[in-house]
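Enquirer: Sending over model-v4.txt (compact mmCIF, C-alpha atoms (C1' of nucleotides)).
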# COMPACT_ATOMS: atom_id res chain seq x y z
CA MET M 1283 353.82 28.56 245.41
CA ASP M 1284 356.47 25.87 245.30
CA GLY M 1285 359.48 25.64 247.61
CA ARG M 1286 361.71 28.00 245.68
CA LEU M 1287 361.79 31.69 246.28
CA ALA M 1288 360.11 33.97 243.79
CA ARG M 1289 362.65 36.10 241.99
CA GLY M 1290 361.53 39.22 243.77
CA GLU M 1291 361.80 37.62 247.17
CA GLU M 1292 365.44 36.76 246.62
CA THR M 1293 366.28 40.24 245.36
CA ARG M 1294 364.53 41.66 248.38
CA ARG M 1295 366.53 39.45 250.69
CA VAL M 1296 369.97 40.31 249.34
CA THR M 1297 369.04 43.98 249.21
CA LEU M 1298 367.96 43.98 252.84
CA GLN M 1299 371.06 42.07 253.86
CA ARG M 1300 373.28 44.71 252.29
CA ALA M 1301 371.07 47.46 253.69
CA VAL M 1302 371.38 46.32 257.31
CA GLU M 1303 375.15 45.92 256.98
CA LEU M 1304 375.39 49.42 255.60
CA ALA M 1305 373.04 50.85 258.19
CA SER M 1306 374.98 49.41 261.12
CA VAL M 1307 377.95 51.50 259.98
CA GLU M 1308 376.46 54.54 258.27
CA GLY M 1309 373.02 54.62 259.83
CA LEU M 1310 369.61 54.09 258.29
CA GLU M 1311 369.83 57.53 256.71
CA GLY M 1312 373.20 56.58 255.30
CA ILE M 1313 371.50 53.98 253.14
CA THR M 1314 370.89 55.37 249.68
CA ILE M 1315 368.98 53.53 247.00
CA GLY M 1316 371.51 54.54 244.39
CA ARG M 1317 374.38 53.10 246.38
CA LEU M 1318 372.56 49.85 247.05
CA ALA M 1319 371.78 49.61 243.36
CA SER M 1320 375.34 50.08 242.18
CA GLU M 1321 376.80 47.74 244.82
CA LEU M 1322 374.30 45.02 244.01
CA GLU M 1323 374.42 45.75 240.27
CA LEU M 1324 370.72 46.43 240.07
CA SER M 1325 368.84 49.46 238.89
CA LYS M 1326 367.76 52.21 241.27
CA SER M 1327 364.19 52.00 240.07
CA GLY M 1328 364.15 48.23 240.50
CA ILE M 1329 365.13 48.48 244.16
CA PHE M 1330 362.82 51.39 244.70
CA ALA M 1331 359.88 49.45 243.28
CA LEU M 1332 360.57 46.57 245.66
CA PHE M 1333 359.97 48.74 248.73
CA GLY M 1334 357.84 51.65 247.56
CA SER M 1335 359.74 54.39 249.40
CA LYS M 1336 362.95 54.96 251.28
CA GLU M 1337 361.11 54.98 254.59
CA ASP M 1338 359.56 51.60 253.79
CA LEU M 1339 363.01 50.30 252.93
CA GLN M 1340 364.27 51.51 256.31
CA LEU M 1341 361.35 49.82 258.07
CA ALA M 1342 362.01 46.60 256.16
CA ALA M 1343 365.67 46.85 257.14
CA VAL M 1344 364.75 47.14 260.83
CA GLU M 1345 362.52 44.06 260.51
CA HIS M 1346 365.26 42.14 258.73
CA ALA M 1347 367.78 43.08 261.41
CA GLU M 1348 365.38 41.87 264.09
CA LYS M 1349 365.22 38.47 262.43
CA ILE M 1350 369.01 38.27 262.36
CA PHE M 1351 369.19 39.39 265.99
CA ARG M 1352 366.70 36.76 267.12
CA ALA M 1353 368.57 34.06 265.25
CA HIS M 1354 371.87 34.98 266.91
CA VAL M 1355 370.75 35.91 270.42
CA VAL M 1356 367.22 34.92 271.38
CA THR M 1357 366.86 31.53 269.72
CA PRO M 1358 370.20 30.05 270.90
CA ALA M 1359 369.51 31.10 274.48
CA ALA M 1360 366.30 29.09 274.50
CA THR M 1361 368.30 25.85 274.63
CA ALA M 1362 369.73 26.73 278.05
CA ASP M 1363 367.97 25.64 281.22
CA PRO M 1364 365.22 27.99 282.42
CA GLY M 1365 366.12 30.49 285.12
CA LEU M 1366 369.56 31.91 285.69
CA PRO M 1367 371.31 29.70 283.11
CA ARG M 1368 369.04 30.95 280.35
CA LEU M 1369 369.48 34.57 281.43
CA VAL M 1370 373.25 34.18 281.47
CA ALA M 1371 373.17 32.46 278.09
CA LEU M 1372 371.15 35.29 276.61
CA LEU M 1373 373.62 37.90 277.80
CA GLU M 1374 376.58 35.85 276.63
CA HIS M 1375 375.03 35.43 273.20
CA TRP M 1376 374.36 39.15 273.08
CA LEU M 1377 378.01 39.94 273.79
CA VAL M 1378 379.15 37.43 271.18
CA TYR M 1379 376.65 38.92 268.71
CA SER M 1380 378.24 42.30 269.25
CA LYS M 1381 381.86 41.17 269.45
CA SER M 1382 381.71 38.89 266.41
CA ARG M 1383 380.29 41.75 264.33
CA VAL M 1384 377.22 39.99 263.04
CA PHE M 1385 376.67 43.54 261.81
CA PRO M 1386 379.93 45.18 260.77
CA GLY M 1387 379.19 48.30 262.81
CA GLY M 1388 378.45 46.39 266.02
CA CYS M 1389 374.92 46.10 267.39
CA PHE M 1390 372.54 47.27 264.70
CA PHE M 1391 369.98 48.50 267.20
CA ALA M 1392 372.44 50.50 269.27
CA ALA M 1393 373.32 52.36 266.08
CA VAL M 1394 369.84 53.04 264.78
CA ALA M 1395 368.34 53.71 268.21
CA ALA M 1396 370.85 56.50 268.74
CA GLU M 1397 370.13 57.76 265.24
CA PHE M 1398 366.35 57.87 265.56
CA ASP M 1399 365.79 58.28 269.29
CA ALA M 1400 365.04 62.00 269.04
CA ARG M 1401 363.24 61.96 265.68
CA ARG M 1402 359.65 61.36 264.83
CA GLY M 1403 357.95 59.04 262.43
CA ARG M 1404 357.37 55.41 261.64
CA VAL M 1405 361.03 54.42 261.80
CA HIS M 1406 361.42 55.87 265.28
CA ASP M 1407 358.26 54.10 266.39
CA ALA M 1408 359.38 50.76 264.98
CA ILE M 1409 362.77 50.99 266.69
CA ARG M 1410 361.22 52.04 269.98
CA SER M 1411 358.68 49.25 270.07
CA GLY M 1412 361.34 46.74 269.14
CA GLN M 1413 363.55 47.92 271.98
CA GLN M 1414 360.63 47.83 274.41
CA GLN M 1415 359.87 44.28 273.36
CA TRP M 1416 363.49 43.32 273.97
CA GLY M 1417 363.41 45.01 277.38
CA ARG M 1418 360.29 43.12 278.39
CA PHE M 1419 361.82 39.86 277.22
CA LEU M 1420 364.95 40.44 279.26
CA GLU M 1421 362.87 41.36 282.29
CA ARG M 1422 360.87 38.16 281.93
CA LEU M 1423 364.01 36.03 281.97
CA VAL M 1424 365.11 37.84 285.12
CA THR M 1425 361.72 37.17 286.69
CA GLU M 1426 361.96 33.49 285.80
CA ALA M 1427 365.39 33.32 287.42
CA VAL M 1428 363.92 34.87 290.56
CA GLU M 1429 360.98 32.49 290.56
CA ALA M 1430 363.34 29.56 290.14
CA GLY M 1431 365.13 30.67 293.29
CA HIS M 1432 368.32 31.47 291.37
CA LEU M 1433 368.18 35.15 292.32
CA PRO M 1434 367.03 36.82 295.58
CA ALA M 1435 363.26 36.89 296.00
CA ASP M 1436 363.21 40.65 296.52
CA THR M 1437 364.93 41.35 293.19
CA ASP M 1438 363.46 44.22 291.16
CA ALA M 1439 363.36 42.51 287.77
CA ALA M 1440 362.97 45.65 285.67
CA GLN M 1441 365.79 47.35 287.54
CA LEU M 1442 368.15 44.40 287.18
CA ALA M 1443 367.28 43.99 283.50
CA PHE M 1444 368.12 47.66 282.96
CA GLU M 1445 371.48 47.30 284.68
CA LEU M 1446 372.49 44.15 282.85
CA PHE M 1447 371.59 45.52 279.44
CA ALA M 1448 373.29 48.83 280.25
CA LEU M 1449 376.57 46.99 280.78
CA ALA M 1450 376.25 45.01 277.56
CA ARG M 1451 375.40 48.09 275.49
CA ALA M 1452 378.29 50.05 276.96
CA ALA M 1453 380.65 47.25 275.96
CA ASN M 1454 379.35 47.42 272.40
CA THR M 1455 379.68 51.19 272.17
CA ASP M 1456 383.16 51.34 273.69
CA ALA M 1457 384.48 48.38 271.75
CA VAL M 1458 383.34 49.62 268.36
CA LEU M 1459 384.53 53.16 269.02
CA SER M 1460 387.92 52.20 270.43
CA GLY M 1461 388.58 49.08 268.40
CA SER M 1462 389.44 47.16 271.55
CA ASP M 1463 387.90 44.03 273.08
CA VAL M 1464 388.61 45.08 276.66
CA PRO M 1465 385.10 46.52 277.13
CA TYR M 1466 383.63 43.06 276.56
CA GLU M 1467 385.74 41.71 279.39
CA ARG M 1468 384.60 44.56 281.61
CA ALA M 1469 380.95 43.84 280.81
CA THR M 1470 381.38 40.11 281.40
CA THR M 1471 383.02 40.78 284.76
CA ALA M 1472 380.38 43.29 285.81
CA ILE M 1473 377.46 41.11 284.73
CA GLY M 1474 378.92 38.13 286.57
CA ASN M 1475 379.38 40.12 289.77
CA ARG M 1476 375.94 41.65 289.53
CA LEU M 1477 374.26 38.25 289.19
CA ARG M 1478 376.38 36.69 291.90
CA GLY M 1479 376.08 39.44 294.49
CA MET C 758 392.16 92.96 269.85
CA ASP C 759 389.84 94.74 272.27
CA GLY C 760 387.33 92.98 274.50
CA ARG C 761 384.53 92.76 271.96
CA LEU C 762 384.06 89.86 269.63
CA ALA C 763 385.08 90.25 266.03
CA ARG C 764 382.09 89.98 263.71
CA GLY C 765 383.19 86.61 262.40
CA GLU C 766 383.64 85.18 265.88
CA GLU C 767 380.04 85.89 266.79
CA THR C 768 378.70 84.39 263.57
CA ARG C 769 380.84 81.36 264.19
CA ARG C 770 379.47 81.00 267.69
CA VAL C 771 375.78 81.15 266.80
CA THR C 772 376.37 78.84 263.85
CA LEU C 773 378.08 76.26 266.04
CA GLN C 774 375.38 76.55 268.67
CA ARG C 775 372.70 75.75 266.13
CA ALA C 776 374.90 73.05 264.62
CA VAL C 777 375.34 71.14 267.88
CA GLU C 778 371.63 71.35 268.65
CA LEU C 779 370.86 69.99 265.23
CA ALA C 780 373.51 67.30 265.44
CA SER C 781 372.25 65.97 268.76
CA VAL C 782 368.96 65.17 267.04
CA GLU C 783 369.86 64.48 263.42
CA GLY C 784 373.51 63.55 263.74
CA LEU C 785 376.62 65.31 262.50
CA GLU C 786 375.83 64.12 258.98
CA GLY C 787 372.35 65.53 259.37
CA ILE C 788 373.84 68.99 259.57
CA THR C 789 373.68 70.64 256.15
CA ILE C 790 375.22 73.98 255.38
CA GLY C 791 372.19 75.03 253.38
CA ARG C 792 369.87 74.33 256.28
CA LEU C 793 372.04 76.17 258.77
CA ALA C 794 372.18 79.10 256.36
CA SER C 795 368.43 79.39 255.92
CA GLU C 796 367.67 78.94 259.63
CA LEU C 797 370.23 81.56 260.63
CA GLU C 798 369.40 83.79 257.65
CA LEU C 799 372.93 83.70 256.34
CA SER C 800 374.29 82.67 253.00
CA LYS C 801 375.54 79.15 252.32
CA SER C 802 378.84 80.46 251.05
CA GLY C 803 379.26 82.69 254.08
CA ILE C 804 378.95 79.78 256.49
CA PHE C 805 381.06 77.58 254.30
CA ALA C 806 383.84 80.17 254.26
CA LEU C 807 383.82 80.32 258.06
CA PHE C 808 384.78 76.67 258.38
CA GLY C 809 386.41 75.70 255.11
CA SER C 810 384.63 72.39 254.64
CA LYS C 811 381.79 70.36 256.05
CA GLU C 812 384.20 68.07 257.86
CA ASP C 813 385.85 71.07 259.53
CA LEU C 814 382.42 72.31 260.55
CA GLN C 815 381.71 68.92 262.12
CA LEU C 816 385.02 69.01 263.97
CA ALA C 817 384.29 72.54 265.20
CA ALA C 818 380.86 71.37 266.35
CA VAL C 819 382.42 68.54 268.37
CA GLU C 820 384.78 71.02 270.02
CA HIS C 821 381.94 73.40 270.75
CA ALA C 822 379.87 70.60 272.29
CA GLU C 823 382.82 69.64 274.48
CA LYS C 824 382.94 73.17 275.89
CA ILE C 825 379.23 73.06 276.68
CA PHE C 826 379.63 69.62 278.25
CA ARG C 827 382.48 70.75 280.47
CA ALA C 828 380.52 73.80 281.59
CA HIS C 829 377.52 71.71 282.60
CA VAL C 830 379.19 68.60 283.99
CA VAL C 831 382.90 68.83 284.71
CA THR C 832 383.22 72.36 286.05
CA PRO C 833 380.29 72.25 288.52
CA ALA C 834 381.52 68.95 289.96
CA ALA C 835 384.83 70.55 290.86
CA THR C 836 383.16 72.46 293.70
CA ALA C 837 382.30 69.25 295.55
CA ASP C 838 384.70 67.79 298.11
CA PRO C 839 387.40 65.54 296.67
CA GLY C 840 386.82 61.79 296.77
CA LEU C 841 383.42 60.15 296.69
CA PRO C 842 381.40 63.40 296.96
CA ARG C 843 383.05 64.76 293.81
CA LEU C 844 382.53 61.50 291.95
CA VAL C 845 378.86 61.43 292.94
CA ALA C 846 378.48 65.08 292.00
CA LEU C 847 379.96 64.42 288.58
CA LEU C 848 377.54 61.58 287.88
CA GLU C 849 374.60 63.60 289.15
CA HIS C 850 375.52 66.52 286.95
CA TRP C 851 375.86 64.15 284.01
CA LEU C 852 372.36 62.81 284.56
CA VAL C 853 370.96 66.33 284.89
CA TYR C 854 372.85 67.33 281.76
CA SER C 855 371.10 64.53 279.90
CA LYS C 856 367.69 64.86 281.52
CA SER C 857 367.46 68.64 281.18
CA ARG C 858 368.26 68.35 277.46
CA VAL C 859 371.18 70.73 277.35
CA PHE C 860 371.19 69.29 273.84
CA PRO C 861 367.69 68.68 272.54
CA GLY C 862 368.52 65.14 271.46
CA GLY C 863 370.00 64.12 274.80
CA CYS C 864 373.72 63.61 275.29
CA PHE C 865 375.49 64.98 272.23
CA PHE C 866 378.35 62.51 272.51
CA ALA C 867 376.14 59.47 272.85
CA ALA C 868 374.54 60.49 269.55
CA VAL C 869 377.66 61.26 267.56
CA ALA C 870 379.70 58.40 269.05
CA ALA C 871 377.11 55.94 267.81
CA GLU C 872 377.07 57.70 264.46
CA PHE C 873 380.82 57.69 263.90
CA ASP C 874 382.01 54.73 265.93
CA ALA C 875 382.42 52.47 262.91
CA ARG C 876 383.57 55.09 260.42
CA ARG C 877 387.01 56.40 259.62
CA GLY C 878 388.41 59.88 259.47
CA ARG C 879 389.11 62.95 261.50
CA VAL C 880 385.64 63.21 262.99
CA HIS C 881 385.76 59.66 264.28
CA ASP C 882 389.21 60.26 265.73
CA ALA C 883 388.14 63.47 267.46
CA ILE C 884 385.12 61.78 269.04
CA ARG C 885 387.12 58.78 270.13
CA SER C 886 389.87 60.80 271.78
CA GLY C 887 387.28 62.97 273.50
CA GLN C 888 385.55 59.91 274.90
CA GLN C 889 388.87 58.43 276.01
CA GLN C 890 389.70 61.66 277.80
CA TRP C 891 386.35 61.56 279.57
CA GLY C 892 386.91 57.93 280.53
CA ARG C 893 390.30 58.71 282.01
CA PHE C 894 388.87 61.64 283.94
CA LEU C 895 386.11 59.52 285.39
CA GLU C 896 388.61 56.83 286.31
CA ARG C 897 390.79 59.40 288.08
CA LEU C 898 387.89 60.55 290.24
CA VAL C 899 387.23 56.93 291.16
CA THR C 900 390.88 56.51 292.06
CA GLU C 901 390.77 59.60 294.23
CA ALA C 902 387.71 58.27 296.05
CA VAL C 903 389.58 55.03 296.68
CA GLU C 904 392.66 56.87 297.91
CA ALA C 905 390.50 58.96 300.22
CA GLY C 906 389.22 55.75 301.76
CA HIS C 907 385.69 56.37 300.51
CA LEU C 908 385.71 53.23 298.41
CA PRO C 909 387.26 49.79 299.10
CA ALA C 910 391.02 49.74 298.64
CA ASP C 911 390.85 46.80 296.23
CA THR C 912 388.54 48.66 293.84
CA ASP C 913 389.39 48.33 290.15
CA ALA C 914 389.02 51.98 289.16
CA ALA C 915 388.79 51.44 285.39
CA GLN C 916 386.23 48.70 285.90
CA LEU C 917 384.09 50.77 288.24
CA ALA C 918 384.30 53.81 285.99
CA PHE C 919 383.08 51.66 283.09
CA GLU C 920 380.13 50.38 285.09
CA LEU C 921 379.06 53.77 286.40
CA PHE C 922 379.21 55.41 282.99
CA ALA C 923 377.43 52.45 281.41
CA LEU C 924 374.46 53.04 283.70
CA ALA C 925 374.35 56.76 282.99
CA ARG C 926 374.57 56.27 279.23
CA ALA C 927 371.85 53.65 279.27
CA ALA C 928 369.57 56.08 281.09
CA ASN C 929 370.18 58.69 278.41
CA THR C 930 369.51 56.29 275.55
CA ASP C 931 366.36 54.78 277.05
CA ALA C 932 364.96 58.11 278.21
CA VAL C 933 365.35 59.83 274.86
CA LEU C 934 364.03 56.88 272.92
CA SER C 935 361.03 56.21 275.15
CA GLY C 936 360.27 59.76 276.23
CA SER C 937 360.15 58.67 279.87
CA ASP C 938 362.19 59.78 282.89
CA VAL C 939 362.06 56.39 284.58
CA PRO C 940 365.47 55.36 283.19
CA TYR C 941 367.09 58.22 285.10
CA GLU C 942 365.64 56.88 288.34
CA ARG C 943 366.93 53.43 287.48
CA ALA C 944 370.40 54.80 286.83
CA THR C 945 370.41 56.84 290.03
CA THR C 946 369.36 53.79 292.03
CA ALA C 947 371.93 51.54 290.40
CA ILE C 948 374.78 54.02 290.77
CA GLY C 949 373.91 54.58 294.42
CA ASN C 950 373.87 50.85 295.13
CA ARG C 951 377.08 50.27 293.23
CA LEU C 952 378.94 52.94 295.18
CA ARG C 953 377.47 51.81 298.48
CA GLY C 954 377.95 48.06 298.06
C1' DG H 1063 350.05 29.88 222.04
C1' DA H 1064 347.50 33.99 224.17
C1' DA H 1065 346.73 36.67 228.23
C1' DC H 1066 348.25 38.17 232.41
C1' DT H 1067 351.26 39.28 236.32
C1' DA H 1068 355.55 40.05 238.56
C1' DT H 1069 360.05 41.83 238.04
C1' DA H 1070 363.37 44.85 236.42
C1' DT H 1071 365.18 48.51 233.39
C1' DG H 1072 366.78 53.29 231.65
C1' DA H 1073 365.61 57.93 230.95
C1' DC H 1074 364.28 61.64 233.42
C1' DC H 1075 362.30 64.97 237.24
C1' DG H 1076 363.02 68.80 240.68
C1' DA H 1077 365.50 69.44 244.90
C1' DT H 1078 369.43 69.66 247.52
C1' DC H 1079 374.10 68.44 248.48
C1' DG H 1080 379.16 70.35 249.24
C1' DT H 1081 382.00 73.40 246.95
C1' DT H 1082 384.02 77.29 243.98
C1' DC H 1083 384.40 81.89 242.50
C1' DG H 1084 384.15 86.82 241.72
C1' DT H 1085 382.60 90.56 244.17
C1' DA H 1086 380.92 94.00 247.63
C1' DC H 1087 380.90 95.96 252.07
C1' DA H 1088 382.97 97.14 256.72
C1' DC H 1089 386.72 97.81 259.44
C1' DT H 1090 391.45 98.52 260.76
C1' DT H 1091 395.93 100.24 259.69
C1' DG H 1092 399.17 103.30 257.47
C1' DC K 143 392.30 109.46 252.40
C1' DA K 144 394.33 105.06 250.53
C1' DA K 145 395.41 100.38 251.06
C1' DG K 146 394.64 96.13 253.00
C1' DT K 147 392.09 92.56 255.57
C1' DG K 148 388.21 90.13 257.33
C1' DT K 149 383.49 89.00 256.49
C1' DA K 150 379.65 87.97 253.78
C1' DC K 151 377.08 87.59 249.54
C1' DG K 152 374.81 85.59 245.04
C1' DA K 153 375.37 82.83 241.15
C1' DA K 154 376.71 78.81 239.53
C1' DC K 155 379.07 73.97 239.37
C1' DG K 156 378.74 68.76 239.01
C1' DA K 157 377.01 65.11 241.76
C1' DT K 158 373.60 62.76 244.01
C1' DC K 159 369.31 62.48 246.32
C1' DG K 160 364.31 60.21 246.42
C1' DG K 161 360.96 59.44 243.21
C1' DT K 162 358.10 58.79 238.51
C1' DC K 163 357.03 56.56 234.34
C1' DA K 164 356.77 54.05 230.09
C1' DT K 165 358.61 49.90 228.59
C1' DA K 166 360.84 45.33 228.10
C1' DT K 167 361.38 40.65 229.76
C1' DA K 168 360.41 36.32 232.29
C1' DG K 169 357.03 33.07 234.43
C1' DT K 170 352.61 31.46 235.28
C1' DT K 171 347.86 30.37 233.96
C1' DC K 172 344.32 29.21 230.92
Rewrite the structure from the file as structure tokens, please.

Expert:
Amino acid sequence: MDGRLARGEETRRVTLQRAVELASVEGLEGITIGRLASELELSKSGIFALFGSKEDLQLAAVEHAEKIFRAHVVTPAATADPGLPRLVALLEHWLVYSKSRVFPGGCFFAAVAAEFDARRGRVHDAIRSGQQQWGRFLERLVTEAVEAGHLPADTDAAQLAFELFALARAANTDAVLSGSDVPYERATTAIGNRLRG
Amino acid sequence: MDGRLARGEETRRVTLQRAVELASVEGLEGITIGRLASELELSKSGIFALFGSKEDLQLAAVEHAEKIFRAHVVTPAATADPGLPRLVALLEHWLVYSKSRVFPGGCFFAAVAAEFDARRGRVHDAIRSGQQQWGRFLERLVTEAVEAGHLPADTDAAQLAFELFALARAANTDAVLSGSDVPYERATTAIGNRLRG
DNA sequence: GAACTATATGACCGATCGTTCGTACACTTG
DNA sequence: CAAGTGTACGAACGATCGGTCATATAGTTC
């Protein structure tokens, strides 16, 4: 174990990177091992052996996407002051994450959540628990803003977190579908008003 | 042309009905002609001949889903008084449409919009224009509520329509993914507050 | 240098995909 | 009754799917 990556680790990384890009556009079911292999100039069986099954590849892709999401949204927001500033920073980073197409198909999780919300199995479960974790995190930042006196003391944190995230997600959906950036302005306006009033 | 349905019309209808149910769970790409054929006890080639291609089947499914949507959401709302009551009725019917699982996978259009938002082609275009039409309709009802004096005169109708629909869509997504009805309560609360304040 | 492990390959499997084609049956029209 | 049209079928197509397996190569360990 020296500092360099084992050969397999690197192959795994580039494969997952391509997989999450593909999945944000075509869905997790749209990923095919054969397509990944030809695009990355690897063999089907080589990629297959790295993950063990297509479902395990999908699960690994979800995990990989979560790392990317945290790096672009959660981690940067941590540098803002606790309370309302941090909450606002988180939402701003989320909108930039969507608008800048960190994933070419917009928010990865909006895409795969809609794809797997009504299915069963390990992939559904992984997506659901990831979304629940995100929801709890958002709610905690709202609570901290309330406790800091930046938001009214009688604020229902879970309710407000739902409303704020609803606006951000709608901006992502509308923007990707229509090809316009106007929805991001709408979400920014609405979020600002909601936190001010 | 008497009153009865031609044989082909009826086959087409039941096929599309099953197709939209399937698509709301597995996506429009999840529809396969072979699967439809075996479930409906028809031949693959018979179904194929009815639509001409898989893409045309998907387009027909979108149209069929739009009819169902209008029957459950748009038409019933028309009986409410113009202005705010009609707008509220529309949103309530939308939430019931989602919650009662008119489509087993929740809102059909939330599912297929997320699936095709970043793709190209006729299916994407059909979904996009359908969603734009819905957005304009919602905005018009907001405008009518403003003109009736039920909402503040300085209301930005497009902005408010975006916010209201964002809340409803978020309820659908969260409810289907989590299997809980709490998101519908959240959306109802938020919509009520937004229209009151 | 020998032994071992991790990594990757190509050939191949049965299943299913969308699609094509020739044909048979049912109905309407003349 | 004959002809024509709409509807549906079964067989088959090439392509691709996820997955298996024996094998070759590269790196590490002793």

Enquirer: Can you check which residues of chain M have any atom within 7 Å of chain C? Use only C-alpha atoms and format it as a ChimeraX atom specification.

Expert: /M:1307-1309,1387,1393,1396-1397,1399-1401,1410,1441,1445,1448-1449,1452,1455,1458-1460,1468

Enquirer: Select, as a PyMOL selection string, those residues of chain M with any atom no more than 9 Å from chain K (distances computed using all atoms listed in the file).

Expert: chain M and resi 1314-1316+1327+1330+1335-1336

Enquirer: Show me, as a ChimeraX atom specification, every residue of chain H with an atom at most 12 Å from chain C, counting all atoms listed in the file.

Expert: /H:1078-1083,1088-1090

Enquirer: If you measure from CA of Val880 in chain C to CA of Leu785 in chain C, what distance in Å do you get, rounded to one decimal?

Expert: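 Interatomic distance here is 9.3 Å.
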
Enquirer: What's the separation between CA of Pro833 in chain C and CA of His850 in chain C, in Å to one decimal place?

Expert: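 Atom-to-atom, CA of Pro833 in chain C to CA of His850 in chain C, that is 7.6 Å.
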
Enquirer: Separation of CA of Ile788 in chain C and C1' of DG1084 in chain H, in Å?

Expert: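 Distance between the two atoms: 27.3 Å.
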
Enquirer: N, CA and C atoms are needed for range 935-946 of chain C; please write them out as an mmCIF file, keeping the file's coordinate frame.

Expert:
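And here is the file that came out, selection_8.cif:
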data_model
loop_
_atom_site.group_PDB
_atom_site.id
_atom_site.type_symbol
_atom_site.label_atom_id
_atom_site.label_comp_id
_atom_site.auth_asym_id
_atom_site.auth_seq_id
_atom_site.Cartn_x
_atom_site.Cartn_y
_atom_site.Cartn_z
ATOM 1 N N SER C 935 362.381 56.528 274.666
ATOM 2 C CA SER C 935 361.030 56.210 275.150
ATOM 3 C C SER C 935 360.258 57.445 275.569
ATOM 4 N N GLY C 936 360.955 58.555 275.790
ATOM 5 C CA GLY C 936 360.270 59.760 276.230
ATOM 6 C C GLY C 936 359.877 59.717 277.696
ATOM 7 N N SER C 937 360.463 58.802 278.450
ATOM 8 C CA SER C 937 360.150 58.670 279.870
ATOM 9 C C SER C 937 361.350 59.078 280.728
ATOM 10 N N ASP C 938 361.096 59.439 281.976
ATOM 11 C CA ASP C 938 362.190 59.780 282.890
ATOM 12 C C ASP C 938 362.546 58.628 283.821
ATOM 13 N N VAL C 939 361.805 57.538 283.717
ATOM 14 C CA VAL C 939 362.060 56.390 284.580
ATOM 15 C C VAL C 939 363.511 55.902 284.483
ATOM 16 N N PRO C 940 364.079 55.843 283.287
ATOM 17 C CA PRO C 940 365.470 55.360 283.190
ATOM 18 C C PRO C 940 366.443 56.155 284.056
ATOM 19 N N TYR C 941 366.206 57.437 284.250
ATOM 20 C CA TYR C 941 367.090 58.220 285.100
ATOM 21 C C TYR C 941 367.000 57.758 286.554
ATOM 22 N N GLU C 942 365.795 57.398 286.982
ATOM 23 C CA GLU C 942 365.640 56.880 288.340
ATOM 24 C C GLU C 942 366.373 55.548 288.488
ATOM 25 N N ARG C 943 366.243 54.725 287.455
ATOM 26 C CA ARG C 943 366.930 53.430 287.480
ATOM 27 C C ARG C 943 368.432 53.636 287.607
ATOM 28 N N ALA C 944 368.954 54.569 286.809
ATOM 29 C CA ALA C 944 370.400 54.800 286.830
ATOM 30 C C ALA C 944 370.838 55.339 288.185
ATOM 31 N N THR C 945 370.067 56.273 288.732
ATOM 32 C CA THR C 945 370.410 56.840 290.030
ATOM 33 C C THR C 945 370.438 55.744 291.100
ATOM 34 N N THR C 946 369.413 54.902 291.089
ATOM 35 C CA THR C 946 369.360 53.790 292.030
ATOM 36 C C THR C 946 370.571 52.870 291.882
#
